[in-house]
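Undergrad: For reference, the file structure.cif (mmCIF, C-alpha atoms) is included below:
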data_query
loop_
_atom_site.label_atom_id
_atom_site.label_comp_id
_atom_site.auth_asym_id
_atom_site.auth_seq_id
_atom_site.Cartn_x
_atom_site.Cartn_y
_atom_site.Cartn_z
CA GLY A 291 37.50 -4.90 -4.89
CA ASN A 292 38.83 -1.63 -3.55
CA LYS A 293 36.30 0.43 -5.43
CA THR A 294 33.34 -0.91 -3.47
CA GLN A 295 35.21 -0.50 -0.19
CA THR A 296 35.93 3.11 -1.05
CA ALA A 297 32.31 3.68 -2.06
CA GLU A 298 31.08 2.15 1.18
CA ALA A 299 33.56 4.19 3.18
CA ALA A 300 32.33 7.31 1.41
CA ASN A 301 28.74 6.38 2.24
CA GLU A 302 29.45 5.69 5.87
CA GLY A 303 27.82 8.31 8.02
CA PHE A 304 24.96 8.77 5.54
CA SER A 305 21.81 7.96 7.46
CA VAL A 306 18.20 7.22 6.60
CA GLY A 307 15.31 7.24 9.08
CA VAL A 308 11.88 5.76 8.41
CA THR A 309 8.88 6.50 10.60
CA CYS A 310 6.07 4.22 9.51
CA LYS A 311 2.41 4.71 10.37
CA ASP A 312 2.23 1.10 11.56
CA LEU A 313 4.66 -1.73 10.81
CA THR A 314 1.91 -4.33 11.34
CA ILE A 315 0.65 -3.25 7.89
CA GLU A 316 2.14 -5.99 5.72
CA ALA A 317 3.03 -3.80 2.71
CA TYR A 318 4.95 -1.31 4.86
CA ALA A 319 6.87 -4.00 6.71
CA SER A 320 7.86 -5.59 3.40
CA ILE A 321 8.88 -2.29 1.72
CA SER A 322 10.90 -1.37 4.83
CA ASP A 323 12.73 -4.72 4.73
CA TYR A 324 13.70 -4.30 1.07
CA LEU A 325 14.74 -0.68 1.63
CA LYS A 326 16.85 -1.70 4.62
CA SER A 327 18.74 -4.29 2.57
CA TYR A 328 19.43 -1.76 -0.24
CA CYS A 329 20.67 0.85 2.25
CA LEU A 330 22.92 -1.57 4.11
CA ASP A 331 24.40 -2.80 0.81
CA ALA A 332 25.25 0.81 -0.03
CA GLY A 333 26.85 1.38 3.36
CA TYR A 334 24.11 3.73 4.63
CA SER A 335 22.83 3.39 8.15
CA ILE A 336 19.05 3.03 8.41
CA ASN A 337 16.70 3.20 11.37
CA ILE A 338 13.07 2.08 10.90
CA VAL A 339 10.50 2.82 13.60
CA SER A 340 6.75 2.27 13.88
CA ALA A 341 4.45 5.04 15.12
CA SER A 342 1.79 2.40 15.84
CA ASN A 343 -0.87 4.77 14.49
CA ASP A 344 -0.07 7.44 17.08
CA PRO A 345 0.37 10.94 15.55
CA ALA A 346 2.20 12.30 18.62
CA ALA A 347 4.63 9.38 18.53
CA GLN A 348 5.33 10.02 14.84
CA THR A 349 6.05 13.69 15.47
CA GLN A 350 8.44 12.67 18.25
CA GLN A 351 10.16 10.15 15.96
CA ILE A 352 10.76 12.85 13.31
CA GLU A 353 12.18 15.16 15.99
CA ASN A 354 14.46 12.34 17.21
CA PHE A 355 15.74 11.75 13.67
CA VAL A 356 16.54 15.47 13.36
CA THR A 357 18.34 15.50 16.71
CA SER A 358 20.50 12.56 15.67
CA GLY A 359 21.40 14.27 12.36
CA THR A 360 19.56 11.90 10.02
CA ASP A 361 20.13 12.86 6.36
CA VAL A 362 16.92 11.51 4.81
CA ILE A 363 13.68 11.07 6.78
CA ILE A 364 10.90 9.00 5.18
CA VAL A 365 7.41 9.47 6.59
CA MET A 366 5.79 6.24 5.43
CA ASP A 367 2.09 7.03 5.55
CA PRO A 368 1.60 9.88 8.04
CA CYS A 369 -0.76 9.10 10.95
CA ASP A 370 -2.10 12.65 10.63
CA VAL A 371 -1.13 14.47 7.43
CA ALA A 372 -1.81 17.99 8.69
CA GLY A 373 -0.62 17.24 12.23
CA VAL A 374 2.80 16.03 11.15
CA SER A 375 3.46 18.97 8.82
CA PRO A 376 5.07 21.32 11.40
CA ALA A 377 7.59 18.64 12.41
CA VAL A 378 8.35 17.96 8.73
CA LYS A 379 8.93 21.68 8.06
CA GLU A 380 11.26 21.90 11.06
CA ALA A 381 13.18 18.85 9.85
CA VAL A 382 13.64 20.40 6.39
CA ASN A 383 14.75 23.69 7.98
CA ALA A 384 17.28 21.72 10.02
CA GLY A 385 18.79 20.35 6.81
CA ALA A 386 17.14 16.94 6.44
CA VAL A 387 15.48 15.80 3.22
CA VAL A 388 11.97 14.58 4.07
CA ILE A 389 10.16 12.16 1.76
CA GLY A 390 6.38 11.93 2.13
CA TYR A 391 5.38 8.39 1.25
CA GLY A 392 1.80 7.70 0.12
CA TYR A 393 0.79 11.26 0.93
CA SER A 394 1.95 14.72 0.10
CA ILE A 395 2.82 16.40 3.42
CA GLU A 396 2.93 20.18 3.37
CA GLY A 397 6.60 21.16 3.57
CA ASN A 398 8.09 17.82 2.50
CA SER A 399 11.13 17.89 0.18
CA THR A 400 9.69 15.28 -2.18
CA GLU A 401 6.97 12.65 -2.20
CA LEU A 402 6.17 9.22 -3.61
CA ILE A 403 2.43 8.95 -4.21
CA CYS A 404 -0.02 6.40 -5.58
CA ALA A 405 -2.78 7.13 -8.11
CA ASN A 406 -5.39 6.55 -5.42
CA TYR A 407 -8.61 7.40 -7.27
CA SER A 408 -7.62 5.16 -10.17
CA ILE A 409 -6.73 2.31 -7.77
CA GLY A 410 -10.17 2.48 -6.16
CA TYR A 411 -11.89 2.79 -9.52
CA GLN A 412 -10.11 -0.21 -11.01
CA SER A 413 -11.06 -2.34 -8.00
CA GLY A 414 -14.73 -1.41 -8.46
CA GLU A 415 -14.47 -2.02 -12.19
CA GLN A 416 -13.12 -5.53 -11.55
CA ALA A 417 -16.05 -6.26 -9.22
CA VAL A 418 -18.57 -5.16 -11.88
CA GLN A 419 -16.86 -7.25 -14.55
CA TRP A 420 -16.89 -10.31 -12.28
CA ALA A 421 -20.61 -9.83 -11.48
CA LYS A 422 -21.44 -9.58 -15.18
CA GLU A 423 -19.39 -12.66 -16.10
CA ASN A 424 -20.17 -14.91 -13.13
CA ASN A 425 -23.25 -13.66 -11.37
CA GLY A 426 -25.82 -12.81 -14.03
CA GLY A 427 -24.96 -9.11 -13.81
CA GLU A 428 -26.03 -8.87 -10.18
CA GLY A 429 -23.81 -8.14 -7.22
CA GLN A 430 -23.95 -7.15 -3.59
CA PHE A 431 -20.57 -5.97 -2.34
CA ALA A 432 -19.16 -4.56 0.85
CA LEU A 433 -16.52 -1.83 0.63
CA LEU A 434 -13.70 -2.07 3.17
CA HIS A 435 -12.03 1.32 3.01
CA LEU A 436 -9.16 3.14 4.70
CA THR A 437 -9.82 5.49 7.62
CA LEU A 438 -11.43 8.45 5.89
CA SER A 439 -9.12 11.04 7.38
CA SER A 440 -7.27 12.38 4.34
CA GLU A 441 -7.57 13.03 0.63
CA PRO A 442 -5.81 9.86 -0.63
CA CYS A 443 -8.09 7.69 1.52
CA TYR A 444 -11.16 9.47 0.17
CA ASP A 445 -9.79 9.14 -3.37
CA ARG A 446 -9.63 5.33 -3.16
CA TYR A 447 -13.04 5.20 -1.48
CA ASN A 448 -14.68 7.51 -4.06
CA GLY A 449 -12.99 5.69 -6.93
CA ALA A 450 -14.57 2.38 -5.89
CA LYS A 451 -18.00 3.96 -5.28
CA ASP A 452 -17.93 5.81 -8.61
CA ALA A 453 -16.99 2.68 -10.57
CA ILE A 454 -19.94 0.76 -9.10
CA ALA A 455 -22.32 3.69 -9.71
CA GLU A 456 -21.14 4.35 -13.27
CA LEU A 457 -20.56 0.79 -14.51
CA GLY A 458 -22.76 -1.39 -12.32
CA GLY A 459 -26.22 -0.52 -13.54
CA ASP A 460 -29.03 -0.88 -11.00
CA LYS A 461 -28.27 -4.51 -10.09
CA ILE A 462 -24.77 -4.13 -8.69
CA GLU A 463 -24.48 -2.23 -5.45
CA ILE A 464 -22.41 -1.58 -2.36
CA VAL A 465 -24.62 -2.69 0.53
CA ALA A 466 -22.19 -2.09 3.39
CA GLU A 467 -19.05 -0.10 4.00
CA GLN A 468 -16.63 0.00 6.89
CA SER A 469 -13.03 0.93 7.53
CA ALA A 470 -10.47 -1.88 7.93
CA GLN A 471 -6.79 -1.84 7.06
CA THR A 472 -5.10 -4.69 8.92
CA ILE A 473 -5.76 -8.39 8.32
CA ASP A 474 -7.22 -8.87 11.81
CA GLU A 475 -9.55 -5.86 11.55
CA ALA A 476 -10.79 -7.02 8.17
CA MET A 477 -11.41 -10.60 9.28
CA ASN A 478 -13.64 -9.37 12.11
CA VAL A 479 -15.43 -6.77 10.00
CA ALA A 480 -15.95 -9.15 7.05
CA GLU A 481 -17.32 -11.83 9.36
CA SER A 482 -19.96 -9.52 10.82
CA ILE A 483 -20.90 -8.08 7.40
CA MET A 484 -21.40 -11.60 5.97
CA GLU A 485 -23.70 -12.42 8.90
CA ALA A 486 -25.70 -9.24 8.33
CA TYR A 487 -25.87 -9.75 4.55
CA PRO A 488 -26.19 -13.49 3.80
CA GLU A 489 -26.60 -12.73 0.06
CA LEU A 490 -23.29 -10.83 -0.09
CA ASP A 491 -21.19 -11.63 -3.18
CA GLY A 492 -17.90 -10.22 -2.05
CA PHE A 493 -15.65 -7.39 -0.92
CA ILE A 494 -14.01 -4.43 -2.62
CA CYS A 495 -10.99 -3.51 -0.50
CA ASN A 496 -8.95 -0.30 -0.46
CA SER A 497 -5.94 -2.02 1.13
CA GLY A 498 -4.04 -5.27 1.03
CA GLY A 499 -4.74 -6.06 4.67
CA ALA A 500 -8.47 -5.72 4.09
CA GLY A 501 -8.22 -7.88 0.97
CA TYR A 502 -6.39 -10.69 2.67
CA GLY A 503 -8.45 -10.47 5.88
CA SER A 504 -11.77 -10.66 4.02
CA ASN A 505 -10.38 -13.57 1.97
CA GLU A 506 -9.60 -15.41 5.22
CA ALA A 507 -13.11 -14.70 6.54
CA ILE A 508 -14.63 -16.13 3.33
CA LYS A 509 -12.42 -19.22 3.60
CA ALA A 510 -13.57 -19.72 7.19
CA VAL A 511 -17.20 -19.99 6.06
CA GLY A 512 -16.31 -22.15 3.04
CA LYS A 513 -17.54 -19.73 0.37
CA THR A 514 -14.44 -19.32 -1.81
CA ASP A 515 -16.38 -20.82 -4.76
CA SER A 516 -19.18 -18.28 -4.71
CA MET A 517 -17.64 -15.08 -3.30
CA ALA A 518 -15.03 -12.69 -4.64
CA VAL A 519 -12.50 -10.21 -3.28
CA PHE A 520 -11.01 -7.30 -5.26
CA CYS A 521 -8.19 -5.47 -3.57
CA CYS A 522 -5.00 -3.48 -3.99
CA ASP A 523 -1.39 -4.00 -2.87
CA THR A 524 0.75 -6.90 -3.98
CA THR A 525 1.99 -8.26 -0.68
CA ALA A 526 3.37 -11.79 -0.68
CA ASP A 527 0.24 -13.25 0.94
CA ILE A 528 -2.06 -11.75 -1.71
CA LEU A 529 0.20 -12.93 -4.54
CA SER A 530 0.25 -16.38 -2.99
CA ALA A 531 -3.59 -16.38 -2.88
CA LEU A 532 -3.79 -15.36 -6.56
CA ARG A 533 -1.32 -18.07 -7.43
CA ASN A 534 -3.48 -20.62 -5.64
CA SER A 535 -6.75 -19.13 -6.89
CA LYS A 536 -8.82 -22.33 -6.62
CA ASN A 537 -8.66 -22.17 -2.82
CA ASN A 538 -9.02 -18.42 -2.44
CA ALA A 539 -11.61 -15.72 -3.16
CA ILE A 540 -9.17 -13.00 -4.30
CA LYS A 541 -9.82 -12.45 -8.01
CA SER A 542 -7.58 -9.47 -8.64
CA THR A 543 -5.41 -6.87 -6.96
CA ILE A 544 -4.13 -3.51 -8.13
CA CYS A 545 -0.39 -3.20 -7.79
CA VAL A 546 0.34 0.17 -6.26
CA GLY A 547 3.99 -0.08 -7.15
CA SER A 548 5.32 -3.46 -6.05
CA ASP A 549 7.16 -3.63 -2.72
CA THR A 550 10.47 -3.82 -4.59
CA PHE A 551 9.48 -0.95 -6.92
CA MET A 552 8.57 1.28 -3.96
CA ALA A 553 11.68 0.39 -1.95
CA ASN A 554 13.86 0.94 -5.05
CA LYS A 555 12.30 4.31 -5.72
CA LEU A 556 12.83 5.43 -2.10
CA PHE A 557 16.42 4.17 -2.25
CA GLU A 558 17.05 6.00 -5.56
CA ILE A 559 15.94 9.27 -3.94
CA CYS A 560 18.27 8.59 -0.99
CA GLN A 561 21.13 7.97 -3.45
CA LEU A 562 20.47 11.25 -5.26
CA VAL A 563 20.55 13.10 -1.94
CA GLN A 564 23.74 11.31 -0.87
CA GLU A 565 25.43 12.16 -4.18
CA GLY A 566 24.23 15.76 -4.03
CA LYS A 567 22.22 15.37 -7.23
CA PRO A 568 18.82 16.98 -7.90
CA TYR A 569 15.65 14.98 -7.31
CA GLU A 570 12.04 15.57 -8.42
CA ALA A 571 9.50 17.24 -6.13
CA HIS A 572 6.98 14.46 -6.86
CA TYR A 573 7.12 10.82 -7.91
CA ASP A 574 4.16 8.67 -8.96
CA ALA A 575 3.99 4.94 -8.34
CA GLU A 576 3.03 2.69 -11.25
CA THR A 577 -0.25 0.79 -11.06
CA LYS A 578 -0.93 -2.59 -12.59
CA LEU A 579 -3.79 -5.10 -12.46
CA VAL A 580 -2.62 -8.50 -11.20
CA THR A 581 -4.85 -11.57 -11.66
CA PRO A 582 -4.32 -15.35 -11.50
CA ASP A 583 -3.49 -15.14 -15.23
CA ASN A 584 -0.47 -12.84 -14.93
CA VAL A 585 0.63 -13.36 -11.31
CA GLU A 586 3.60 -15.59 -12.17
CA GLN A 587 4.92 -13.08 -14.68
CA TYR A 588 4.42 -10.25 -12.19
CA ILE A 589 6.36 -12.07 -9.44
CA GLU A 590 9.18 -12.77 -11.90
CA ASP A 591 9.30 -9.23 -13.33
CA ASN A 592 9.52 -7.66 -9.88
CA ASN A 593 12.01 -10.10 -8.32
CA LEU A 594 9.59 -10.85 -5.51
CA VAL A 595 9.90 -13.72 -3.07
CA VAL A 596 6.54 -15.48 -2.68
CA ASP A 597 6.12 -18.81 -0.91
#
Show me this structure written as structure tokens.

TA:
Amino acid sequence: GNKTQTAEAANEGFSVGVTCKDLTIEAYASISDYLKSYCLDAGYSINIVSASNDPAAQTQQIENFVTSGTDVIIVMDPCDVAGVSPAVKEAVNAGAVVIGYGYSIEGNSTELICANYSIGYQSGEQAVQWAKENNGGEGQFALLHLTLSSEPCYDRYNGAKDAIAELGGDKIEIVAEQSAQTIDEAMNVAESIMEAYPELDGFICNSGGAGYGSNEAIKAVGKTDSMAVFCCDTTADILSALRNSKNNAIKSTICVGSDTFMANKLFEICQLVQEGKPYEAHYDAETKLVTPDNVEQYIEDNNLVVD
């Protein structure tokens, strides 16, 4: 009816810009897609760009958004948290609202952050529990972590290490660790770690890409029966693997705010800005353990599309 047309007309000219660390990271691509659909439904214009892991490119993208008068700028995982801060401060001074996503960026207007230490810890805890229930209380794991360049990355890494140290006793250990965040990186890294450690029982992964990539590497060597993967993120491919757990090594994942939850939360902040209403300085994402036992319920509760 006329009401929606008026609302859309009122929202026309309200613009959102997203600069993403790297849109080849499955979770970010998915969140961006959901956010785009919510913004377009509301009549906002939205422009999503990938910095392809290049800090200078991301700074330039923020400057471009400012130049074009973008109302809300979302920095989805800064390539360099400290490096991007001056551009963020300039954007805020120029009148834009800047949302730091995944990381608190000095000078941002607000931020949406995950409980990173807890995410890492829960992944390690799951690995220990699995080793005790399925492996006689013994376990050799590899830790595939994020690039250790900022506090949140260290938090996930330390969480996983601490869980193994505190809960694992002397028979469960991390025998190898390497950074990997995309599926391709993780497949290559996991393959070489399995060759170096033939007794390896599985992988603890600080990202969804690493979880799915190591799962694919395990499938390739036909060890889904004996090896296990514990990861975070609830991307469609991981949920699909949990759903079809007999043919996959992924035993659990920690939801870091589902893709729809994260996109909704970002959209809600944009709405508050557009309506001139106050917003919080900090938002926390929910975390939830997802296993083959509750994956169907999780997909349903979050309105997710999983093949």

Undergrad: Given the file shown, determine the residues that the PyMOL selection byres ((chain A and resi 450) around 7) selects; report them as an mmCIF file with C-alpha atoms, keeping the file's coordinate frame.

TA:
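Once written, expr.cif looks like this:
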data_model
loop_
_atom_site.group_PDB
_atom_site.id
_atom_site.type_symbol
_atom_site.label_atom_id
_atom_site.label_comp_id
_atom_site.auth_asym_id
_atom_site.auth_seq_id
_atom_site.Cartn_x
_atom_site.Cartn_y
_atom_site.Cartn_z
ATOM 1 C CA GLY A 410 -10.170 2.480 -6.160
ATOM 2 C CA TYR A 411 -11.890 2.790 -9.520
ATOM 3 C CA SER A 413 -11.060 -2.340 -8.000
ATOM 4 C CA GLY A 414 -14.730 -1.410 -8.460
ATOM 5 C CA ARG A 446 -9.630 5.330 -3.160
ATOM 6 C CA TYR A 447 -13.040 5.200 -1.480
ATOM 7 C CA ASN A 448 -14.680 7.510 -4.060
ATOM 8 C CA GLY A 449 -12.990 5.690 -6.930
ATOM 9 C CA LYS A 451 -18.000 3.960 -5.280
ATOM 10 C CA ASP A 452 -17.930 5.810 -8.610
ATOM 11 C CA ALA A 453 -16.990 2.680 -10.570
ATOM 12 C CA ILE A 454 -19.940 0.760 -9.100
#

Undergrad: Any chance you could work out the residue set of the PyMOL selection byres ((chain A and resi 304) around 8) here, as a PyMOL selection string?

TA: chain A and resi 301-303+305-306+333-335+360-361+564

Undergrad: Would you write out, as a ChimeraX atom specification, every residue that the PyMOL selection byres ((chain A and resi 574) around 8) captures in this file?

TA: /A:402-405,572-573,575-576

Undergrad: Identify the residues within 12 Å of coordinate (-25.6, -9.9, 4.2) (same frame as the file), considering only C-alpha atoms, and give the answer as a ChimeraX atom specification.

TA: /A:429-432,464-467,480-493

Undergrad: Residues at most 7 Å from range 345-356 of chain A, counting all atoms listed in the file, excluding those fewer than 4 positions away in the same chain, as a PDB file with C-alpha atoms, in the coordinates of the input?

TA:
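selection-v3.pdb was written with the following content:
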ATOM      1  CA  GLY A 307      15.310   7.240   9.080  1.00  0.00           C
ATOM      2  CA  THR A 309       8.880   6.500  10.600  1.00  0.00           C
ATOM      3  CA  ALA A 341       4.450   5.040  15.120  1.00  0.00           C
ATOM      4  CA  THR A 360      19.560  11.900  10.020  1.00  0.00           C
ATOM      5  CA  CYS A 369      -0.760   9.100  10.950  1.00  0.00           C
ATOM      6  CA  ASP A 370      -2.100  12.650  10.630  1.00  0.00           C
ATOM      7  CA  VAL A 374       2.800  16.030  11.150  1.00  0.00           C
ATOM      8  CA  ALA A 377       7.590  18.640  12.410  1.00  0.00           C
ATOM      9  CA  ALA A 381      13.180  18.850   9.850  1.00  0.00           C
TER      10      ALA A 381
END

Undergrad: Name the residues, using the chain letters and numbers of the file, that sit within 12 Å of (-27.7, -4.0, -13.0) when counting all atoms listed in the file, and give them as a PyMOL selection string.

TA: chain A and resi 418-419+421-422+425-430+454-463

Undergrad: Report, in Å with one decimal, the straight-line distance from CA of Ser530 in chain A to CA of Glu506 in chain A.

TA: 12.9 Å

Undergrad: Do you know which residues are at most 7 Å from Gly498 in chain A counting all atoms listed in the file, after dropping those on the same chain fewer than 5 positions away, and could you put them as an NGL selection string?

TA: :A and (521-523 or 525)

Undergrad: Write out the residues from the selection above, keeping C-alpha atoms, as a PDB file, in the coordinates of the input.

TA:
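Saved as out.pdb:
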ATOM      1  CA  CYS A 521      -8.190  -5.470  -3.570  1.00  0.00           C
ATOM      2  CA  CYS A 522      -5.000  -3.480  -3.990  1.00  0.00           C
ATOM      3  CA  ASP A 523      -1.390  -4.000  -2.870  1.00  0.00           C
ATOM      4  CA  THR A 525       1.990  -8.260  -0.680  1.00  0.00           C
TER       5      THR A 525
END

Undergrad: Can you tell me which residues surround Ser394 in chain A at a distance of at most 10 Å, considering only C-alpha atoms, apart from same-chain residues fewer than 6 positions away, and format the answer as a list in words?

TA: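 Surrounding residues, per the criterion: Val365, Asp367, Pro368, Val371, Ala372, Ser375, Thr400, Glu401, Leu402, Ile403, Glu441, Pro442 and His572 of chain A.
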
Undergrad: CA of Thr514 in chain A to CA of Lys541 in chain A: how many Å, to one decimal?

TA: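 One can read the CA of Thr514 in chain A to CA of Lys541 in chain A distance as 10.3 Å.
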
Undergrad: How would range 506-534 of chain A look with N, CA and C atoms restored, written as a short mmCIF file (atom, residue, chain, number, x, y, z; two decimals), in the frame of the given file?

TA:
data_model
loop_
_atom_site.label_atom_id
_atom_site.label_comp_id
_atom_site.auth_asym_id
_atom_site.auth_seq_id
_atom_site.Cartn_x
_atom_site.Cartn_y
_atom_site.Cartn_z
N GLU A 506 -9.68 -14.43 4.13
CA GLU A 506 -9.60 -15.41 5.22
C GLU A 506 -10.98 -15.65 5.85
N ALA A 507 -11.76 -14.57 5.98
CA ALA A 507 -13.11 -14.70 6.54
C ALA A 507 -14.00 -15.53 5.62
N ILE A 508 -13.85 -15.35 4.31
CA ILE A 508 -14.63 -16.13 3.33
C ILE A 508 -14.21 -17.60 3.39
N LYS A 509 -12.91 -17.84 3.51
CA LYS A 509 -12.42 -19.22 3.60
C LYS A 509 -13.00 -19.91 4.84
N ALA A 510 -13.08 -19.16 5.92
CA ALA A 510 -13.57 -19.72 7.19
C ALA A 510 -15.01 -20.20 7.09
N VAL A 511 -15.80 -19.54 6.23
CA VAL A 511 -17.20 -19.99 6.06
C VAL A 511 -17.37 -20.86 4.82
N GLY A 512 -16.26 -21.22 4.17
CA GLY A 512 -16.31 -22.15 3.04
C GLY A 512 -17.00 -21.62 1.80
N LYS A 513 -16.84 -20.30 1.53
CA LYS A 513 -17.54 -19.73 0.37
C LYS A 513 -16.59 -19.22 -0.72
N THR A 514 -15.39 -19.81 -0.80
CA THR A 514 -14.44 -19.32 -1.81
C THR A 514 -14.94 -19.58 -3.24
N ASP A 515 -15.85 -20.54 -3.42
CA ASP A 515 -16.38 -20.82 -4.76
C ASP A 515 -17.35 -19.75 -5.24
N SER A 516 -18.09 -19.17 -4.30
CA SER A 516 -19.18 -18.28 -4.71
C SER A 516 -18.92 -16.80 -4.44
N MET A 517 -17.89 -16.49 -3.64
CA MET A 517 -17.64 -15.08 -3.30
C MET A 517 -16.33 -14.59 -3.90
N ALA A 518 -16.20 -13.27 -3.99
CA ALA A 518 -15.03 -12.69 -4.64
C ALA A 518 -14.48 -11.50 -3.86
N VAL A 519 -13.17 -11.34 -3.93
CA VAL A 519 -12.50 -10.21 -3.28
C VAL A 519 -11.66 -9.47 -4.33
N PHE A 520 -11.77 -8.15 -4.34
CA PHE A 520 -11.01 -7.30 -5.26
C PHE A 520 -10.25 -6.29 -4.41
N CYS A 521 -8.93 -6.32 -4.50
CA CYS A 521 -8.19 -5.47 -3.57
C CYS A 521 -7.05 -4.75 -4.24
N CYS A 522 -6.21 -4.11 -3.46
CA CYS A 522 -5.00 -3.48 -3.99
C CYS A 522 -3.84 -3.85 -3.06
N ASP A 523 -2.65 -3.57 -3.50
CA ASP A 523 -1.39 -4.00 -2.87
C ASP A 523 -1.01 -5.38 -3.37
N THR A 524 0.27 -5.60 -3.52
CA THR A 524 0.75 -6.90 -3.98
C THR A 524 1.71 -7.47 -2.94
N THR A 525 1.20 -7.64 -1.73
CA THR A 525 1.99 -8.26 -0.68
C THR A 525 2.11 -9.76 -0.99
N ALA A 526 3.09 -10.38 -0.39
CA ALA A 526 3.37 -11.79 -0.68
C ALA A 526 2.15 -12.68 -0.43
N ASP A 527 1.39 -12.39 0.63
CA ASP A 527 0.24 -13.25 0.94
C ASP A 527 -0.86 -13.13 -0.12
N ILE A 528 -1.06 -11.93 -0.66
CA ILE A 528 -2.06 -11.75 -1.71
C ILE A 528 -1.60 -12.43 -3.01
N LEU A 529 -0.33 -12.28 -3.33
CA LEU A 529 0.20 -12.93 -4.54
C LEU A 529 0.10 -14.44 -4.43
N SER A 530 0.35 -14.94 -3.24
CA SER A 530 0.25 -16.38 -2.99
C SER A 530 -1.19 -16.86 -3.18
N ALA A 531 -2.16 -16.04 -2.71
CA ALA A 531 -3.59 -16.38 -2.88
C ALA A 531 -3.99 -16.38 -4.35
N LEU A 532 -3.47 -15.41 -5.12
CA LEU A 532 -3.79 -15.36 -6.56
C LEU A 532 -3.18 -16.55 -7.30
N ARG A 533 -2.01 -16.94 -6.83
CA ARG A 533 -1.32 -18.07 -7.43
C ARG A 533 -2.10 -19.37 -7.20
N ASN A 534 -2.72 -19.43 -6.03
CA ASN A 534 -3.48 -20.62 -5.64
C ASN A 534 -4.96 -20.25 -5.66
#
